[in-house]
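Down below is the structure, laid out as structure tokens.
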2 protein chains.
Amino acid sequence: MLSTVPSTPPLTETAVLAALAPEGGRPGGATDVSDTAVRIMLAAADAFAEHGFPATTTRDIASRAGLSPAGVYVHFASKEVLLFEISRRGHARARDLLVEAARDAASPTEALRAIVGGFSRWHAEHHQLGRIVQFEFRHLSPEHRAEVIELRKDIDGVVADVLRAGVESGELDVDDVPATALALLSMAIDVARWYVPGGRRTPEAIERTYGDLAVRLAHGRG
Amino acid sequence: MLSTVPSTPPLTETAVLAALAPEGGRPGGATDVSDTAVRIMLAAADAFAEHGFPATTTRDIASRAGLSPAGVYVHFASKEVLLFEISRRGHARARDLLVEAARDAASPTEALRAIVGGFSRWHAEHHQLGRIVQFEFRHLSPEHRAEVIELRKDIDGVVADVLRAGVESGELDVDDVPATALALLSMAIDVARWYVPGGRRTPEAIERTYGDLAVRLAHGRG
DNA sequence: GTCTATATATGGATAGAC
DNA sequence: GTCTATCCATATATAGAC
């Protein structure tokens with residue numbers, strides 16, 4: 001639960017750029033955006049994570065990006081579109097992370113450790129982006145929400161698939177696969193809510209701890 | 001993660017009244033409030049849970065409570081005070097629930113099952129209130145936040161105490177007590193984010209599942 | 001204690017110059 | 001593509017009658 005107030009420092013570009021920058025080099029999927037647009041997204045992500053979407057003003061976003069309020073609208077049609085772009089890229093990046101981790105693992109047990117640990121670490125390292133992805137979802141327009149939902153289904157699916165594979169191979173023992181997948185995702189997602197950058201737990205430690213907990217939970221009676 | 005949009009129906013009075021109504025009969029601790037004040041708190045809790053604190057208008061609250069906008073200010077000095085009252089009562093109720101469940105259990109294992117299962121069920125049954133307690137925290141004033149933080153520390157403490165008692169008695173096997181306590185709380189808290197009233201999982205099923213998962217997690221290698 | 005009416009501020013978004 | 005200036009809607013909270 002953690003009883004401290006998360007004091008969110010400005011996003012360092014290095015920490016988040018990778019998740020918001022255009023999906024470089026992928027044939028077909030590349031939506032090219034200008035440097036200024038990326039700068040605005042970084043500024044907005046910072047502000048949304050700190051105050052939430054409704055409490056963030058376009059003036060605040062513009063000011064953080066070093067622009068006038070009107071300057072933002074050259075690159076994004078509305079505040080909501082800005083939220084959507086950040087949210088879409090964040091979801092896609094999180095999904096890619098999980099898919100790759102699951103694919104590269106040697107066994108279902110190691111896949112489980114890798115995806116839950118990695119997803120938890122991601123929600124620590126990118127906790128501002130994680131908060132937007134997980135907690136500002138409802139402020140998207142119905143159309144944009146529908147698009148993001150597809151990405152969320154993929155994410156659910158990766159975890160459930162790994163659990164099912166482990167149960168089939170006999171490596172894992174899970175009573176209720178969907179419920180366990182959901183609980184494991186909850187553990188990782190909630191990291192974005194309580195994580196504080198300078199705190200005792202580092203993203204690396206969180207990865208180890210949560211990866212271990214996931215394996216423990218799914219091995220069970222043994 | 002759950003990919004659906006939580007459609008939050010109006011709070012039924014029966015579902016939440018118990019958590020917002022004055023702490024009846026307790027000597028000294030009773031802050032008496034009028035029926036109208038309770039009605040306003042119910043209306044505000046409904047609106048806050050649906051749209052979040054900043055996106056909720058006082059007009060919406062007043063309208064749901066059957067009052068004019070001005071009528072609200074007779075009972076609460078500001079929208080933030082209203083959030084604080086709801087938040088304080090919600091936290092206190094959740095804490096009391098945990099303390100009682102831990103106290104009444106026959107063993108650390110059963111205490112663990114009861115508190116994690118009960119806390120999870122609470123976040124389903126009172127998911128509107130749970131969302132406010134867990135996700136609107138940052139919108140409290142610094143003074144009010146400080147007061148709520150004390151209640152949050154109590155909640156953390158109950159879980160950690162049960163785990164420690166189990167480890168000491170040899171019933172439970174936990175590597176890192178604070179980290180495990182945090183992860184278990186995360187599982188339960190996150191229920192408030194994804195729970196949908198008419199969905200497949202009932203509060204009772206959630207209680208069972210999450211209680212079992214907690215015991216599994218803390219028994220480990222056995 | 002509730003209302004109508006409104007003061008006052010603030011926000012999202014646009015117009016039009018450069 | 002960026003700016004200054006501003007429109008217009010909406011929000012919190014208050015004044016004052018009943």
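Residues in the structure tokens are named by chain (A, B, ... in the order shown) and by number from 1 within that chain; ligands are numbered from 1 in the order shown.
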Interface rows for range 28-86 of chain A against chain C: nearest pair, Å to one decimal, 12 Å, only C-alpha atoms (C1' of nucleotides), as a Markdown table:
| residue | atom | partner | partner_atom | distance |
| --- | --- | --- | --- | --- |
| A:Pro54 | CA | C:DG11 | C1' | 10.5 |
| A:Ala55 | CA | C:DG11 | C1' | 10.1 |
| A:Thr56 | CA | C:DG11 | C1' | 9.8 |
| A:Thr57 | CA | C:DG11 | C1' | 7.0 |
| A:Thr58 | CA | C:DG12 | C1' | 7.4 |
| A:Arg59 | CA | C:DG11 | C1' | 8.7 |
| A:Asp60 | CA | C:DG11 | C1' | 11.0 |
| A:Pro69 | CA | C:DA13 | C1' | 9.3 |
| A:Ala70 | CA | C:DA13 | C1' | 8.2 |
| A:Gly71 | CA | C:DA13 | C1' | 11.3 |
| A:Val72 | CA | C:DA13 | C1' | 10.4 |
| A:Tyr73 | CA | C:DA13 | C1' | 8.3 |
| A:Val74 | CA | C:DT14 | C1' | 11.4 |
| A:Phe76 | CA | C:DA13 | C1' | 11.5 |
| A:Ala77 | CA | C:DA13 | C1' | 9.3 |
| A:Ser78 | CA | C:DA13 | C1' | 8.1 |
| A:Lys79 | CA | C:DG12 | C1' | 8.2 |
| A:Glu80 | CA | C:DG12 | C1' | 10.7 |
Given the selection you just returned, output its residues as a file containing N, CA, C and O atoms, formatted as a PDB file, in the first residue's frame.
ATOM      1  N   PRO A  54      -7.368  14.796 -16.201  1.00  0.00           N
ATOM      2  CA  PRO A  54      -8.290  15.933 -16.141  1.00  0.00           C
ATOM      3  C   PRO A  54      -7.678  17.142 -15.449  1.00  0.00           C
ATOM      4  O   PRO A  54      -7.996  18.274 -15.781  1.00  0.00           O
ATOM      5  N   ALA A  55      -6.802  16.914 -14.484  1.00  0.00           N
ATOM      6  CA  ALA A  55      -6.230  18.024 -13.719  1.00  0.00           C
ATOM      7  C   ALA A  55      -5.032  18.652 -14.419  1.00  0.00           C
ATOM      8  O   ALA A  55      -4.465  19.622 -13.920  1.00  0.00           O
ATOM      9  N   THR A  56      -4.641  18.115 -15.540  1.00  0.00           N
ATOM     10  CA  THR A  56      -3.514  18.686 -16.287  1.00  0.00           C
ATOM     11  C   THR A  56      -4.021  19.727 -17.279  1.00  0.00           C
ATOM     12  O   THR A  56      -4.955  19.460 -18.029  1.00  0.00           O
ATOM     13  N   THR A  57      -3.406  20.887 -17.292  1.00  0.00           N
ATOM     14  CA  THR A  57      -3.829  21.933 -18.223  1.00  0.00           C
ATOM     15  C   THR A  57      -2.940  21.922 -19.466  1.00  0.00           C
ATOM     16  O   THR A  57      -1.762  21.576 -19.401  1.00  0.00           O
ATOM     17  N   THR A  58      -3.529  22.322 -20.559  1.00  0.00           N
ATOM     18  CA  THR A  58      -2.730  22.405 -21.791  1.00  0.00           C
ATOM     19  C   THR A  58      -1.632  23.461 -21.638  1.00  0.00           C
ATOM     20  O   THR A  58      -0.567  23.345 -22.238  1.00  0.00           O
ATOM     21  N   ARG A  59      -1.893  24.457 -20.819  1.00  0.00           N
ATOM     22  CA  ARG A  59      -0.864  25.458 -20.556  1.00  0.00           C
ATOM     23  C   ARG A  59       0.340  24.833 -19.855  1.00  0.00           C
ATOM     24  O   ARG A  59       1.499  25.178 -20.134  1.00  0.00           O
ATOM     25  N   ASP A  60       0.075  23.921 -18.940  1.00  0.00           N
ATOM     26  CA  ASP A  60       1.160  23.236 -18.229  1.00  0.00           C
ATOM     27  C   ASP A  60       1.991  22.398 -19.204  1.00  0.00           C
ATOM     28  O   ASP A  60       3.222  22.431 -19.198  1.00  0.00           O
ATOM     29  N   PRO A  69       0.766  27.832 -25.479  1.00  0.00           N
ATOM     30  CA  PRO A  69      -0.392  26.925 -25.505  1.00  0.00           C
ATOM     31  C   PRO A  69      -0.832  26.591 -26.926  1.00  0.00           C
ATOM     32  O   PRO A  69      -1.126  25.431 -27.230  1.00  0.00           O
ATOM     33  N   ALA A  70      -0.847  27.588 -27.785  1.00  0.00           N
ATOM     34  CA  ALA A  70      -1.305  27.343 -29.160  1.00  0.00           C
ATOM     35  C   ALA A  70      -0.363  26.410 -29.918  1.00  0.00           C
ATOM     36  O   ALA A  70      -0.787  25.683 -30.818  1.00  0.00           O
ATOM     37  N   GLY A  71       0.914  26.428 -29.528  1.00  0.00           N
ATOM     38  CA  GLY A  71       1.903  25.617 -30.240  1.00  0.00           C
ATOM     39  C   GLY A  71       1.617  24.130 -30.190  1.00  0.00           C
ATOM     40  O   GLY A  71       1.989  23.374 -31.102  1.00  0.00           O
ATOM     41  N   VAL A  72       0.948  23.702 -29.144  1.00  0.00           N
ATOM     42  CA  VAL A  72       0.649  22.271 -28.989  1.00  0.00           C
ATOM     43  C   VAL A  72      -0.300  21.788 -30.081  1.00  0.00           C
ATOM     44  O   VAL A  72      -0.159  20.679 -30.603  1.00  0.00           O
ATOM     45  N   TYR A  73      -1.250  22.642 -30.450  1.00  0.00           N
ATOM     46  CA  TYR A  73      -2.328  22.216 -31.343  1.00  0.00           C
ATOM     47  C   TYR A  73      -1.890  22.059 -32.798  1.00  0.00           C
ATOM     48  O   TYR A  73      -2.650  21.543 -33.613  1.00  0.00           O
ATOM     49  N   VAL A  74      -0.681  22.507 -33.096  1.00  0.00           N
ATOM     50  CA  VAL A  74      -0.135  22.236 -34.426  1.00  0.00           C
ATOM     51  C   VAL A  74       0.169  20.747 -34.563  1.00  0.00           C
ATOM     52  O   VAL A  74       0.049  20.175 -35.642  1.00  0.00           O
ATOM     53  N   PHE A  76      -0.991  18.177 -32.145  1.00  0.00           N
ATOM     54  CA  PHE A  76      -2.048  17.281 -31.651  1.00  0.00           C
ATOM     55  C   PHE A  76      -3.379  18.025 -31.651  1.00  0.00           C
ATOM     56  O   PHE A  76      -3.468  19.161 -31.191  1.00  0.00           O
ATOM     57  N   ALA A  77      -4.402  17.360 -32.130  1.00  0.00           N
ATOM     58  CA  ALA A  77      -5.698  18.011 -32.319  1.00  0.00           C
ATOM     59  C   ALA A  77      -6.364  18.387 -30.999  1.00  0.00           C
ATOM     60  O   ALA A  77      -7.176  19.312 -30.947  1.00  0.00           O
ATOM     61  N   SER A  78      -6.058  17.659 -29.937  1.00  0.00           N
ATOM     62  CA  SER A  78      -6.688  17.935 -28.640  1.00  0.00           C
ATOM     63  C   SER A  78      -5.877  17.293 -27.525  1.00  0.00           C
ATOM     64  O   SER A  78      -4.976  16.488 -27.774  1.00  0.00           O
ATOM     65  N   LYS A  79      -6.212  17.647 -26.322  1.00  0.00           N
ATOM     66  CA  LYS A  79      -5.551  17.050 -25.156  1.00  0.00           C
ATOM     67  C   LYS A  79      -5.812  15.543 -25.123  1.00  0.00           C
ATOM     68  O   LYS A  79      -4.924  14.760 -24.778  1.00  0.00           O
ATOM     69  N   GLU A  80      -7.000  15.160 -25.495  1.00  0.00           N
ATOM     70  CA  GLU A  80      -7.358  13.743 -25.471  1.00  0.00           C
ATOM     71  C   GLU A  80      -6.560  12.946 -26.503  1.00  0.00           C
ATOM     72  O   GLU A  80      -6.142  11.805 -26.244  1.00  0.00           O
TER      73      GLU A  80
END
Checklist entry - If you count only C-alpha atoms (C1' of nucleotides), which residues fall within 9 Å of Gln128 in chain B, apart from same-chain ones fewer than 2 positions away, as a PyMOL selection string? => result chain B and resi 8+11+16+45-46+48-50+123-126+130-133+192
Checklist entry - When DSSP works through the backbone of this structure, what residues of range 26-160 of chain A end up as helix (DSSP H, G or I), shown as a ChimeraX atom specification? => result /A:35-51,58-64,69-72,79-104,108-125,127-135,137-139,142-160
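Closest to Thr180 in chain A among B:Ala106, B:Val116, B:Leu213, B:Ala218 is B:Leu213, based on only C-alpha atoms.
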Item to check | Within 9 Å of chain B: residues of chain A, using only C-alpha atoms, as a PyMOL selection string | outcome: chain A and resi 1-6+50-55+134-135+137-139+145-146+148-153+155-156+176+179-191+193+206+209-210+213-214+216-222
Write the residues you've just listed into a file as a compact mmCIF listing (two decimals), in the first residue's frame, and include C-alpha atoms for each of them.
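Full text of again-v4.txt as output:
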# COMPACT_ATOMS: atom_id res chain seq x y z
CA MET A 1 0.00 0.00 0.00
CA LEU A 2 2.85 2.32 0.87
CA SER A 3 2.04 5.38 2.84
CA THR A 4 4.19 8.00 1.21
CA VAL A 5 3.19 10.57 -1.35
CA PRO A 6 4.74 9.76 -4.70
CA GLU A 50 1.84 13.90 -11.85
CA HIS A 51 -1.67 15.35 -11.78
CA GLY A 52 -3.81 12.94 -13.77
CA PHE A 53 -5.35 13.73 -17.15
CA PRO A 54 -8.29 15.93 -16.14
CA ALA A 55 -6.23 18.02 -13.72
CA GLN A 134 -3.14 1.78 -16.30
CA PHE A 135 -4.98 4.57 -14.55
CA PHE A 137 -7.57 4.64 -19.43
CA ARG A 138 -11.11 5.82 -18.70
CA HIS A 139 -10.41 9.32 -19.98
CA ARG A 145 -10.47 3.14 -25.82
CA ALA A 146 -11.58 0.45 -28.23
CA VAL A 148 -6.28 0.33 -26.78
CA ILE A 149 -8.42 -2.55 -25.56
CA GLU A 150 -7.02 -4.73 -28.33
CA LEU A 151 -3.51 -4.19 -27.01
CA ARG A 152 -4.67 -5.00 -23.48
CA LYS A 153 -6.13 -8.30 -24.64
CA ILE A 155 -1.12 -8.52 -22.76
CA ASP A 156 -3.61 -10.66 -20.84
CA ASP A 176 -7.53 -21.24 -12.12
CA ALA A 179 -7.65 -15.75 -12.15
CA THR A 180 -3.98 -16.40 -11.50
CA ALA A 181 -2.95 -14.49 -14.62
CA LEU A 182 -5.04 -11.56 -13.47
CA ALA A 183 -3.59 -11.61 -9.96
CA LEU A 184 -0.03 -11.72 -11.32
CA LEU A 185 -0.74 -8.79 -13.61
CA SER A 186 -2.25 -6.92 -10.67
CA MET A 187 0.93 -7.29 -8.65
CA ALA A 188 2.98 -5.86 -11.48
CA ILE A 189 0.57 -3.10 -12.48
CA ASP A 190 0.23 -1.87 -8.92
CA VAL A 191 3.97 -1.18 -8.86
CA ARG A 193 0.99 3.19 -8.19
CA ILE A 206 11.57 -5.51 -7.93
CA THR A 209 11.36 -10.32 -6.14
CA TYR A 210 8.25 -10.34 -8.32
CA LEU A 213 6.89 -14.59 -6.26
CA ALA A 214 5.25 -15.50 -9.56
CA ARG A 216 6.31 -19.58 -6.18
CA LEU A 217 2.65 -18.87 -6.77
CA ALA A 218 2.44 -21.11 -9.80
CA HIS A 219 4.49 -24.01 -8.47
CA GLY A 220 2.30 -24.36 -5.41
CA ARG A 221 1.97 -27.76 -3.74
CA GLY A 222 4.82 -29.03 -5.86
